[in-house]
Each structure stands twice: as C-alpha cells, then as structure tokens.
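Novice: I am sharing entry29.pdb, which consists of PDB, C-alpha atoms and all ligand atoms:
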ATOM      1  CA  MET G  19       3.380  21.856  -2.876  1.00  0.00           C
ATOM      2  CA  LYS G  20       5.537  21.868  -6.036  1.00  0.00           C
ATOM      3  CA  LYS G  21       8.522  23.148  -4.052  1.00  0.00           C
ATOM      4  CA  ALA G  22       8.855  19.758  -2.282  1.00  0.00           C
ATOM      5  CA  ILE G  23       8.867  17.667  -5.470  1.00  0.00           C
ATOM      6  CA  LYS G  24      12.154  16.440  -6.927  1.00  0.00           C
ATOM      7  CA  GLU G  25      10.753  14.399  -9.816  1.00  0.00           C
ATOM      8  CA  VAL G  26       7.408  12.918 -10.840  1.00  0.00           C
ATOM      9  CA  LEU G  27       8.027   9.158 -11.013  1.00  0.00           C
ATOM     10  CA  LEU G  28       4.519   7.997 -11.962  1.00  0.00           C
ATOM     11  CA  THR G  29       1.894  10.175 -13.597  1.00  0.00           C
ATOM     12  CA  GLU G  30      -1.793  10.054 -12.723  1.00  0.00           C
ATOM     13  CA  ALA G  31      -2.547   8.466 -16.116  1.00  0.00           C
ATOM     14  CA  GLU G  32       0.071   5.734 -15.640  1.00  0.00           C
ATOM     15  CA  ILE G  33      -1.293   4.890 -12.202  1.00  0.00           C
ATOM     16  CA  THR G  34      -4.917   4.847 -13.406  1.00  0.00           C
ATOM     17  CA  THR G  35      -4.060   2.427 -16.225  1.00  0.00           C
ATOM     18  CA  ARG G  36      -2.152   0.080 -13.930  1.00  0.00           C
ATOM     19  CA  VAL G  37      -4.830   0.119 -11.206  1.00  0.00           C
ATOM     20  CA  LYS G  38      -7.452  -0.851 -13.820  1.00  0.00           C
ATOM     21  CA  GLU G  39      -5.280  -3.801 -14.888  1.00  0.00           C
ATOM     22  CA  LEU G  40      -4.823  -4.917 -11.275  1.00  0.00           C
ATOM     23  CA  GLY G  41      -8.579  -4.682 -10.692  1.00  0.00           C
ATOM     24  CA  LYS G  42      -9.255  -6.914 -13.700  1.00  0.00           C
ATOM     25  CA  GLU G  43      -6.660  -9.472 -12.617  1.00  0.00           C
ATOM     26  CA  ILE G  44      -8.062  -9.584  -9.074  1.00  0.00           C
ATOM     27  CA  SER G  45     -11.647  -9.891 -10.410  1.00  0.00           C
ATOM     28  CA  VAL G  46     -10.650 -13.007 -12.353  1.00  0.00           C
ATOM     29  CA  ASP G  47      -8.628 -14.583  -9.530  1.00  0.00           C
ATOM     30  CA  TYR G  48     -11.267 -14.072  -6.823  1.00  0.00           C
ATOM     31  CA  GLU G  49     -14.357 -15.102  -8.798  1.00  0.00           C
ATOM     32  CA  GLY G  50     -16.619 -17.133  -6.449  1.00  0.00           C
ATOM     33  CA  LYS G  51     -14.516 -16.297  -3.354  1.00  0.00           C
ATOM     34  CA  ASP G  52     -15.364 -14.262  -0.255  1.00  0.00           C
ATOM     35  CA  LEU G  53     -12.997 -11.363  -0.905  1.00  0.00           C
ATOM     36  CA  LEU G  54     -12.226  -8.885   1.869  1.00  0.00           C
ATOM     37  CA  LEU G  55      -9.980  -5.948   1.009  1.00  0.00           C
ATOM     38  CA  VAL G  56      -7.998  -4.725   4.013  1.00  0.00           C
ATOM     39  CA  GLY G  57      -6.613  -1.233   3.402  1.00  0.00           C
ATOM     40  CA  ILE G  58      -3.700  -0.049   5.505  1.00  0.00           C
ATOM     41  CA  LEU G  59      -4.331   3.483   6.754  1.00  0.00           C
ATOM     42  CA  LYS G  60      -3.610   6.103   5.808  1.00  0.00           C
ATOM     43  CA  GLY G  61      -1.264   5.629   2.867  1.00  0.00           C
ATOM     44  CA  ALA G  62      -3.376   3.070   1.006  1.00  0.00           C
ATOM     45  CA  VAL G  63      -6.620   5.061   1.093  1.00  0.00           C
ATOM     46  CA  ILE G  64      -6.410   6.533  -2.414  1.00  0.00           C
ATOM     47  CA  PHE G  65      -5.131   3.304  -3.980  1.00  0.00           C
ATOM     48  CA  MET G  66      -7.849   1.344  -2.156  1.00  0.00           C
ATOM     49  CA  ALA G  67     -10.583   3.701  -3.413  1.00  0.00           C
ATOM     50  CA  GLU G  68      -9.411   3.406  -7.022  1.00  0.00           C
ATOM     51  CA  LEU G  69      -8.725  -0.320  -6.879  1.00  0.00           C
ATOM     52  CA  CYS G  70     -12.058  -1.377  -5.363  1.00  0.00           C
ATOM     53  CA  LYS G  71     -13.949   0.517  -8.096  1.00  0.00           C
ATOM     54  CA  ASN G  72     -12.167  -1.675 -10.633  1.00  0.00           C
ATOM     55  CA  ILE G  73     -13.021  -4.998  -8.993  1.00  0.00           C
ATOM     56  CA  ASP G  74     -16.147  -6.434 -10.568  1.00  0.00           C
ATOM     57  CA  LEU G  75     -17.159  -8.740  -7.694  1.00  0.00           C
ATOM     58  CA  PRO G  76     -19.234  -8.501  -4.509  1.00  0.00           C
ATOM     59  CA  ILE G  77     -16.523  -7.604  -1.979  1.00  0.00           C
ATOM     60  CA  THR G  78     -16.273  -6.182   1.526  1.00  0.00           C
ATOM     61  CA  ILE G  79     -13.718  -3.644   2.712  1.00  0.00           C
ATOM     62  CA  ASP G  80     -12.133  -2.883   6.073  1.00  0.00           C
ATOM     63  CA  PHE G  81      -9.169  -0.879   7.335  1.00  0.00           C
ATOM     64  CA  MET G  82      -6.285  -1.244   9.771  1.00  0.00           C
ATOM     65  CA  ALA G  83      -3.761   1.297  10.929  1.00  0.00           C
ATOM     66  CA  VAL G  84      -0.256   0.321  11.958  1.00  0.00           C
ATOM     67  CA  SER G  85       2.548   2.505  13.188  1.00  0.00           C
ATOM     68  CA  SER G  86       5.530   2.646  10.888  1.00  0.00           C
ATOM     69  CA  TYR G  87       7.437   5.779   9.990  1.00  0.00           C
ATOM     70  CA  GLY G  88       6.083   8.417  12.370  1.00  0.00           C
ATOM     71  CA  ASN G  89       7.259  11.736  11.033  1.00  0.00           C
ATOM     72  CA  SER G  90      10.632  10.593   9.787  1.00  0.00           C
ATOM     73  CA  SER G  91      11.571   9.243   6.381  1.00  0.00           C
ATOM     74  CA  ARG G  92      13.055   5.932   7.557  1.00  0.00           C
ATOM     75  CA  SER G  93      11.403   2.950   9.238  1.00  0.00           C
ATOM     76  CA  THR G  94      11.733   2.598  13.003  1.00  0.00           C
ATOM     77  CA  GLY G  95      11.619  -1.191  12.729  1.00  0.00           C
ATOM     78  CA  GLU G  96       8.526  -1.462  14.935  1.00  0.00           C
ATOM     79  CA  VAL G  97       5.074  -2.629  13.932  1.00  0.00           C
ATOM     80  CA  LYS G  98       2.145  -1.873  16.205  1.00  0.00           C
ATOM     81  CA  ILE G  99      -1.593  -2.096  15.447  1.00  0.00           C
ATOM     82  CA  VAL G 100      -3.033   1.349  16.074  1.00  0.00           C
ATOM     83  CA  LYS G 101      -6.520   0.641  14.683  1.00  0.00           C
ATOM     84  CA  ASP G 102      -7.774  -2.896  14.278  1.00  0.00           C
ATOM     85  CA  LEU G 103     -10.312  -4.296  11.816  1.00  0.00           C
ATOM     86  CA  ASP G 104     -14.013  -3.789  12.529  1.00  0.00           C
ATOM     87  CA  PHE G 105     -14.962  -7.339  11.487  1.00  0.00           C
ATOM     88  CA  SER G 106     -13.604 -10.881  11.763  1.00  0.00           C
ATOM     89  CA  VAL G 107     -11.488 -12.278   8.919  1.00  0.00           C
ATOM     90  CA  GLU G 108     -12.369 -15.896   9.708  1.00  0.00           C
ATOM     91  CA  GLY G 109     -12.978 -17.866   6.515  1.00  0.00           C
ATOM     92  CA  LYS G 110     -12.428 -14.770   4.354  1.00  0.00           C
ATOM     93  CA  ASP G 111     -10.100 -14.450   1.399  1.00  0.00           C
ATOM     94  CA  VAL G 112      -8.148 -11.440   2.565  1.00  0.00           C
ATOM     95  CA  LEU G 113      -6.289  -9.140   0.207  1.00  0.00           C
ATOM     96  CA  ILE G 114      -4.120  -6.623   2.042  1.00  0.00           C
ATOM     97  CA  VAL G 115      -4.032  -3.322   0.147  1.00  0.00           C
ATOM     98  CA  GLU G 116      -0.812  -1.411   0.832  1.00  0.00           C
ATOM     99  CA  ASP G 117       0.703   1.758  -0.579  1.00  0.00           C
ATOM    100  CA  ILE G 118       4.363   0.694  -0.602  1.00  0.00           C
ATOM    101  CA  ILE G 119       6.666  -2.101   0.574  1.00  0.00           C
ATOM    102  CA  ASP G 120      10.014  -0.965   1.817  1.00  0.00           C
ATOM    103  CA  THR G 121      11.796  -3.271   4.315  1.00  0.00           C
ATOM    104  CA  GLY G 122       8.833  -5.677   4.249  1.00  0.00           C
ATOM    105  CA  LEU G 123       8.465  -5.581   8.012  1.00  0.00           C
ATOM    106  CA  THR G 124       4.898  -4.222   8.057  1.00  0.00           C
ATOM    107  CA  LEU G 125       3.547  -6.724   5.548  1.00  0.00           C
ATOM    108  CA  ALA G 126       5.417  -9.705   6.999  1.00  0.00           C
ATOM    109  CA  TYR G 127       3.829  -8.904  10.342  1.00  0.00           C
ATOM    110  CA  LEU G 128       0.340  -8.229   8.976  1.00  0.00           C
ATOM    111  CA  THR G 129       0.237 -11.324   6.775  1.00  0.00           C
ATOM    112  CA  GLU G 130       1.124 -13.545   9.719  1.00  0.00           C
ATOM    113  CA  ASN G 131      -1.272 -11.710  12.030  1.00  0.00           C
ATOM    114  CA  LEU G 132      -4.264 -12.091   9.685  1.00  0.00           C
ATOM    115  CA  ARG G 133      -3.438 -15.743   8.951  1.00  0.00           C
ATOM    116  CA  SER G 134      -3.404 -16.494  12.683  1.00  0.00           C
ATOM    117  CA  ARG G 135      -6.952 -15.080  12.933  1.00  0.00           C
ATOM    118  CA  GLY G 136      -8.287 -17.830  10.667  1.00  0.00           C
ATOM    119  CA  ALA G 137      -8.474 -16.143   7.261  1.00  0.00           C
ATOM    120  CA  ASN G 138      -8.945 -18.636   4.435  1.00  0.00           C
ATOM    121  CA  SER G 139      -6.188 -16.952   2.444  1.00  0.00           C
ATOM    122  CA  VAL G 140      -4.060 -13.839   2.823  1.00  0.00           C
ATOM    123  CA  ARG G 141      -2.499 -12.122  -0.166  1.00  0.00           C
ATOM    124  CA  ILE G 142      -0.931  -8.749  -0.844  1.00  0.00           C
ATOM    125  CA  VAL G 143      -1.526  -6.034  -3.404  1.00  0.00           C
ATOM    126  CA  THR G 144       0.776  -3.037  -3.247  1.00  0.00           C
ATOM    127  CA  LEU G 145       0.902   0.006  -5.457  1.00  0.00           C
ATOM    128  CA  LEU G 146       4.668   0.436  -5.048  1.00  0.00           C
ATOM    129  CA  ASP G 147       7.654  -1.725  -4.176  1.00  0.00           C
ATOM    130  CA  LYS G 148      11.200  -0.688  -3.293  1.00  0.00           C
ATOM    131  CA  PRO G 149      12.870  -4.122  -3.675  1.00  0.00           C
ATOM    132  CA  ASP G 150      16.382  -2.791  -2.921  1.00  0.00           C
ATOM    133  CA  ARG G 151      15.403  -2.105   0.672  1.00  0.00           C
ATOM    134  CA  ARG G 152      13.890  -5.473   1.573  1.00  0.00           C
ATOM    135  CA  ASN G 153      14.987  -6.984   4.931  1.00  0.00           C
ATOM    136  CA  ILE G 154      12.354  -9.697   5.231  1.00  0.00           C
ATOM    137  CA  GLU G 155      11.103 -11.873   2.400  1.00  0.00           C
ATOM    138  CA  VAL G 156       7.484 -11.049   1.546  1.00  0.00           C
ATOM    139  CA  LYS G 157       5.509 -12.551  -1.330  1.00  0.00           C
ATOM    140  CA  VAL G 158       3.877  -9.750  -3.289  1.00  0.00           C
ATOM    141  CA  ASP G 159       0.925 -11.222  -5.173  1.00  0.00           C
ATOM    142  CA  TYR G 160      -0.073  -8.113  -7.116  1.00  0.00           C
ATOM    143  CA  LEU G 161       2.289  -5.221  -7.799  1.00  0.00           C
ATOM    144  CA  GLY G 162       1.613  -1.815  -9.312  1.00  0.00           C
ATOM    145  CA  PHE G 163       5.157  -0.554  -9.877  1.00  0.00           C
ATOM    146  CA  SER G 164       8.721  -1.243  -8.739  1.00  0.00           C
ATOM    147  CA  ILE G 165      10.541   1.977  -7.892  1.00  0.00           C
ATOM    148  CA  PRO G 166      14.126   2.881  -6.969  1.00  0.00           C
ATOM    149  CA  ASP G 167      15.190   3.480  -3.358  1.00  0.00           C
ATOM    150  CA  GLU G 168      13.933   7.024  -2.975  1.00  0.00           C
ATOM    151  CA  PHE G 169      11.474   8.509  -0.513  1.00  0.00           C
ATOM    152  CA  VAL G 170       8.237   9.122  -2.407  1.00  0.00           C
ATOM    153  CA  ILE G 171       5.109  11.159  -1.789  1.00  0.00           C
ATOM    154  CA  GLY G 172       1.678  11.513  -3.370  1.00  0.00           C
ATOM    155  CA  TYR G 173      -1.265   9.258  -4.253  1.00  0.00           C
ATOM    156  CA  GLY G 174      -1.809   8.634  -0.521  1.00  0.00           C
ATOM    157  CA  LEU G 175       1.847   8.669   0.543  1.00  0.00           C
ATOM    158  CA  ASP G 176       2.884  11.415   2.916  1.00  0.00           C
ATOM    159  CA  TYR G 177       5.807  13.210   4.369  1.00  0.00           C
ATOM    160  CA  ALA G 178       4.903  14.462   7.882  1.00  0.00           C
ATOM    161  CA  GLU G 179       1.213  13.954   6.933  1.00  0.00           C
ATOM    162  CA  LEU G 180       1.480  16.278   3.929  1.00  0.00           C
ATOM    163  CA  TYR G 181       1.310  15.608   0.153  1.00  0.00           C
ATOM    164  CA  ARG G 182      -1.091  12.624   0.316  1.00  0.00           C
ATOM    165  CA  ASN G 183      -3.456  14.497  -2.017  1.00  0.00           C
ATOM    166  CA  LEU G 184      -1.005  14.792  -4.921  1.00  0.00           C
ATOM    167  CA  PRO G 185      -2.608  12.806  -7.778  1.00  0.00           C
ATOM    168  CA  PHE G 186       0.775  11.354  -8.869  1.00  0.00           C
ATOM    169  CA  VAL G 187       3.813   9.723  -7.212  1.00  0.00           C
ATOM    170  CA  ALA G 188       6.919  11.879  -6.875  1.00  0.00           C
ATOM    171  CA  SER G 189      10.259  11.787  -5.115  1.00  0.00           C
ATOM    172  CA  LEU G 190      10.767  14.281  -2.308  1.00  0.00           C
ATOM    173  CA  LYS G 191      13.604  16.799  -2.375  1.00  0.00           C
ATOM    174  CA  GLU G 192      16.314  15.718   0.087  1.00  0.00           C
ATOM    175  CA  GLU G 193      16.431  19.214   1.590  1.00  0.00           C
ATOM    176  CA  ILE G 194      12.852  18.747   2.849  1.00  0.00           C
ATOM    177  CA  TYR G 195      13.684  15.759   5.067  1.00  0.00           C
ATOM    178  CA  SER G 196      17.388  16.126   5.798  1.00  0.00           C
TER     179      SER G 196
HETATM  180  P1  LIG Q 201       8.120  -1.389   5.595  1.00  0.00           P
HETATM  181  O1  LIG Q 201       7.515  -1.995   6.830  1.00  0.00           O
HETATM  182  O2  LIG Q 201       7.934  -2.236   4.362  1.00  0.00           O
HETATM  183  O3  LIG Q 201       9.539  -0.973   5.811  1.00  0.00           O
HETATM  184  O4  LIG Q 201       7.391  -0.010   5.392  1.00  0.00           O
HETATM  185  C1  LIG Q 201       6.139   0.117   4.877  1.00  0.00           C
HETATM  186  C2  LIG Q 201       5.579   1.480   5.231  1.00  0.00           C
HETATM  187  O5  LIG Q 201       6.600   2.469   5.303  1.00  0.00           O
HETATM  188  C3  LIG Q 201       4.621   1.958   4.167  1.00  0.00           C
HETATM  189  O6  LIG Q 201       3.313   1.542   4.417  1.00  0.00           O
HETATM  190  C4  LIG Q 201       4.770   3.462   4.264  1.00  0.00           C
HETATM  191  O7  LIG Q 201       3.900   3.956   5.235  1.00  0.00           O
HETATM  192  C5  LIG Q 201       6.187   3.677   4.731  1.00  0.00           C
HETATM  193  N1  LIG Q 201       7.091   4.005   3.601  1.00  0.00           N
HETATM  194  C6  LIG Q 201       8.069   3.242   3.081  1.00  0.00           C
HETATM  195  N2  LIG Q 201       8.692   3.866   2.073  1.00  0.00           N
HETATM  196  C7  LIG Q 201       8.080   5.060   1.942  1.00  0.00           C
HETATM  197  C8  LIG Q 201       8.252   6.165   1.039  1.00  0.00           C
HETATM  198  O8  LIG Q 201       9.108   6.194   0.132  1.00  0.00           O
HETATM  199  N3  LIG Q 201       7.404   7.203   1.201  1.00  0.00           N
HETATM  200  C9  LIG Q 201       6.439   7.236   2.174  1.00  0.00           C
HETATM  201  N4  LIG Q 201       5.665   8.324   2.229  1.00  0.00           N
HETATM  202  N5  LIG Q 201       6.254   6.224   3.030  1.00  0.00           N
HETATM  203  C10 LIG Q 201       7.060   5.141   2.913  1.00  0.00           C
END
For the structure just supplied, provide its representation as structure tokens.
Specialist:
Amino acid sequence: MKKAIKEVLLTEAEITTRVKELGKEISVDYEGKDLLLVGILKGAVIFMAELCKNIDLPITIDFMAVSSYGNSSRSTGEVKIVKDLDFSVEGKDVLIVEDIIDTGLTLAYLTENLRSRGANSVRIVTLLDKPDRRNIEVKVDYLGFSIPDEFVIGYGLDYAELYRNLPFVASLKEEIYS
C-alpha cells in the first residue's frame, strides 16, 4: 500500500486527538436533544465509529449511501441516493457525518433532503474540508481538519475502493490516478 502514498498529511494520533475534541463539543451541544448521527457510506465509516464512541449521550445512528466519485478522482457533479436511511428523521436532531467536503454538492443536497423530511435540525460534521474546491456554499458546523486541494486516501477514504483501511490520511501519488 505504501507505494501509492505521496505524503502522510494527518497521522493516526492527530486524528484521534481531534475526533475526541469533536466528540466532547458535540456532547455539550446536543445535551437533552434527540441526536441521530447519519453516516455517509462508505467513506465516513471509520470516522463515524471513532466519533460516536466519543459522544457521551444516548444517540442513534443510521447510514445513507450516495453516488459521488465512482472510480475516478474528480466529482461527476451528480448526487443520487443509493441507500436510504432505515428510520424516519422526523423530529430528530440530525448530524450528518461525512468524510470530506470537496465541491459541497453532496452535503448541500443531503442537508436540504433531510430538512425536507421534517428533521428538527440538520447539521454537519466532517473530518476533512478542501475549501479551495467549494462550488456551493455549505455551513460546516464541526470540522476536523482543513486540507489543501489534493486527492487523499485513508481513514475511510478510498481510491477505486482501496486504501480505506489506512489508519492515517495521506495524499495519493498522481501516477496512480493519472
Ligand atoms: P463533494 O460533493 O463535496 O464534491 O464531494 C464529496 C465526496 O467526494 C466525499 O464524500 C468523497 O466521497 C469524495 N471526495 C472528495 N474529495 C476526495 C478526496 O480527496 N479523496 C477521496 N477518496 N474522496 C474524495
């Protein structure tokens, strides 16, 4: 796997520390609320698992899958729900758990979609943000790290379904995807 890595951008220790902080912040903000974490498959799975362990509240979790990048390294500009939630979000305080925001298209769509289903509130927590690439304005309520405009892998993020199991976030060598 090391052959594909250009540079480690965030170590496992850095991510663990930040995820703990986010968990604490969320625990304070959602005290007394009906918090539902909605993880976006598959990229957010590892972040979701770590984050929910650090939230000291009675919460529920659910997952959605949306189509985004396919097997390429750039967005196609289309958002389609591939797997919907198992339960209703009506009256819930929804926190969307995402791996990375790039153009903002996926989260702009999902936020609006979940609001229209009658959620009490819809907010966003993302592990990573590439602000340079934003096309649509999206309010990020909780952010792990801002990163430069580079294609990254690891900690749930893939390239052609590989590298999700790397315990850190790294940039991918251009020769792998060009
Ligand atoms: P957006 O809709 O914000 O353009 O794209 C969000 C989705 O694109 C993310 O959930 C993720 O699946 C994918 N994505 C964006 N940037 C990267 C990246 O650097 N690496 C990987 N592996 N996926 C990315």
Novice: Write as a ChimeraX atom specification the residues around ligand LIG 201 (chain Q), taking 9 Å as the cut-off and counting all atoms listed in the file.
Specialist: /G:58-62,84-88,91-97,116-127,146-148,151-154,167-172,174-179,181-182,189-190
Novice: Rank nothing, just name the residue among G:Phe186, G:Phe105, G:Phe65, G:Phe81 nearest to Thr144 (chain G), using only C-alpha atoms.
Specialist: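 Nearest to Thr144 (chain G): G:Phe65.
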Novice: Output the residue selection produced by the PyMOL selection byres (((chain G and resi 19-29) around 10) and not hetatm) on the file above, formatted as number ranges by chain.
Specialist: G: 30-34, 163, 165-166, 170-173, 177, 180-181, 184-195
Novice: Write out as number ranges by chain the residues lying within 8 Å of Val158 (chain G), counting all atoms listed in the file and excluding same-chain residues fewer than 5 positions away.
Specialist: G: 141-144
Novice: How would you write as JSON, numbers by chain the residues that get within 12 Å of (-9.3, -5.6, 14.8) in the file's frame, counting all atoms listed in the file?
Specialist: {"G": [56, 80, 81, 82, 83, 84, 99, 100, 101, 102, 103, 104, 105, 106, 107, 108, 128, 131, 132, 135]}
Novice: Which polymer residues, protein or nucleic acid, are no farther than 6 Å from (-1.7, -2.7, -8.6), counting all atoms listed in the file, as a list in words?
Specialist: Val37, Leu40, Thr144, Leu145, Tyr160, Leu161 and Gly162 of chain G
Novice: Any chance you could work out the residue set of the PyMOL selection byres (((chain G and resi 138) around 8) and not hetatm) here, as JSON, numbers by chain?
Specialist: {"G": [108, 109, 110, 111, 112, 133, 136, 137, 139, 140]}
Novice: Please write the residues picked by the PyMOL selection byres (((chain G and resi 44) around 10) and not hetatm) on this file as a PyMOL selection string.
Specialist: chain G and resi 38-43+45-49+53+69-70+72-75+113+143+159-160
Novice: Any chance you could work out the axis-aligned box around region 125-144 of chain G, listed atoms only, 8 Å on each side, giving centre and edge lengths in Å to one decimal, as JSON?
Specialist:
{"center_x": -1.8, "center_y": -10.8, "center_z": 4.8, "size_x": 30.4, "size_y": 31.6, "size_z": 32.3}
Novice: How many Å lie between CA of Pro76 (chain G) and CA of Gly50 (chain G), rounded to one decimal?
Specialist: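 Distance reported for this atom pair: 9.2 Å.
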Novice: What does the structure give for the distance between CA of Ile79 (chain G) and CA of Gly57 (chain G), in Å to one decimal?
Specialist: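 Those two atoms sit 7.5 Å apart.
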Novice: Work out how far CA of Glu130 (chain G) is from CA of Lys157 (chain G), in Å to one decimal.
Specialist: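 Value for the CA of Lys157 (chain G)-CA of Glu130 (chain G) distance: 11.9 Å.
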Novice: Name the closest residue to Thr35 (chain G) among the candidates G:Ile77, G:Glu155, G:Glu68, G:Ser134; distances are taken between atoms, counting all atoms listed in the file.
Specialist: G:Glu68
Novice: Missing atoms in region 148-161 of chain G should be modelled up to N, CA, C and O atoms and reported as an mmCIF file, keeping the file's coordinate frame.
Specialist:
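Output file part-v2.cif follows:
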data_model
loop_
_atom_site.group_PDB
_atom_site.id
_atom_site.type_symbol
_atom_site.label_atom_id
_atom_site.label_comp_id
_atom_site.auth_asym_id
_atom_site.auth_seq_id
_atom_site.Cartn_x
_atom_site.Cartn_y
_atom_site.Cartn_z
ATOM 1 N N LYS G 148 9.788 -1.083 -3.224
ATOM 2 C CA LYS G 148 11.200 -0.688 -3.293
ATOM 3 C C LYS G 148 12.015 -1.933 -2.976
ATOM 4 O O LYS G 148 12.438 -2.134 -1.827
ATOM 5 N N PRO G 149 12.241 -2.822 -3.944
ATOM 6 C CA PRO G 149 12.870 -4.122 -3.675
ATOM 7 C C PRO G 149 14.279 -4.020 -3.107
ATOM 8 O O PRO G 149 14.704 -4.908 -2.361
ATOM 9 N N ASP G 150 14.998 -2.945 -3.409
ATOM 10 C CA ASP G 150 16.382 -2.791 -2.921
ATOM 11 C C ASP G 150 16.467 -2.710 -1.406
ATOM 12 O O ASP G 150 17.534 -2.928 -0.831
ATOM 13 N N ARG G 151 15.374 -2.363 -0.773
ATOM 14 C CA ARG G 151 15.403 -2.105 0.672
ATOM 15 C C ARG G 151 14.859 -3.256 1.512
ATOM 16 O O ARG G 151 14.724 -3.147 2.723
ATOM 17 N N ARG G 152 14.555 -4.384 0.855
ATOM 18 C CA ARG G 152 13.890 -5.473 1.573
ATOM 19 C C ARG G 152 14.798 -6.124 2.624
ATOM 20 O O ARG G 152 15.931 -6.483 2.333
ATOM 21 N N ASN G 153 14.293 -6.279 3.845
ATOM 22 C CA ASN G 153 14.987 -6.984 4.931
ATOM 23 C C ASN G 153 14.387 -8.354 5.174
ATOM 24 O O ASN G 153 15.080 -9.267 5.600
ATOM 25 N N ILE G 154 13.070 -8.445 4.971
ATOM 26 C CA ILE G 154 12.354 -9.697 5.231
ATOM 27 C C ILE G 154 11.672 -10.104 3.935
ATOM 28 O O ILE G 154 11.088 -9.261 3.248
ATOM 29 N N GLU G 155 11.737 -11.405 3.641
ATOM 30 C CA GLU G 155 11.103 -11.873 2.400
ATOM 31 C C GLU G 155 9.581 -11.814 2.525
ATOM 32 O O GLU G 155 9.011 -12.313 3.492
ATOM 33 N N VAL G 156 8.945 -11.154 1.559
ATOM 34 C CA VAL G 156 7.484 -11.049 1.546
ATOM 35 C C VAL G 156 7.021 -11.361 0.130
ATOM 36 O O VAL G 156 7.578 -10.829 -0.829
ATOM 37 N N LYS G 157 6.007 -12.227 0.011
ATOM 38 C CA LYS G 157 5.509 -12.551 -1.330
ATOM 39 C C LYS G 157 4.476 -11.491 -1.735
ATOM 40 O O LYS G 157 3.432 -11.352 -1.099
ATOM 41 N N VAL G 158 4.810 -10.747 -2.771
ATOM 42 C CA VAL G 158 3.877 -9.750 -3.289
ATOM 43 C C VAL G 158 3.064 -10.415 -4.401
ATOM 44 O O VAL G 158 3.612 -10.840 -5.409
ATOM 45 N N ASP G 159 1.760 -10.514 -4.198
ATOM 46 C CA ASP G 159 0.925 -11.222 -5.173
ATOM 47 C C ASP G 159 0.535 -10.332 -6.350
ATOM 48 O O ASP G 159 0.439 -10.797 -7.479
ATOM 49 N N TYR G 160 0.288 -9.070 -6.060
ATOM 50 C CA TYR G 160 -0.073 -8.113 -7.116
ATOM 51 C C TYR G 160 0.724 -6.836 -6.893
ATOM 52 O O TYR G 160 0.676 -6.265 -5.803
ATOM 53 N N LEU G 161 1.431 -6.410 -7.927
ATOM 54 C CA LEU G 161 2.289 -5.221 -7.799
ATOM 55 C C LEU G 161 1.944 -4.177 -8.855
ATOM 56 O O LEU G 161 1.819 -4.500 -10.041
#
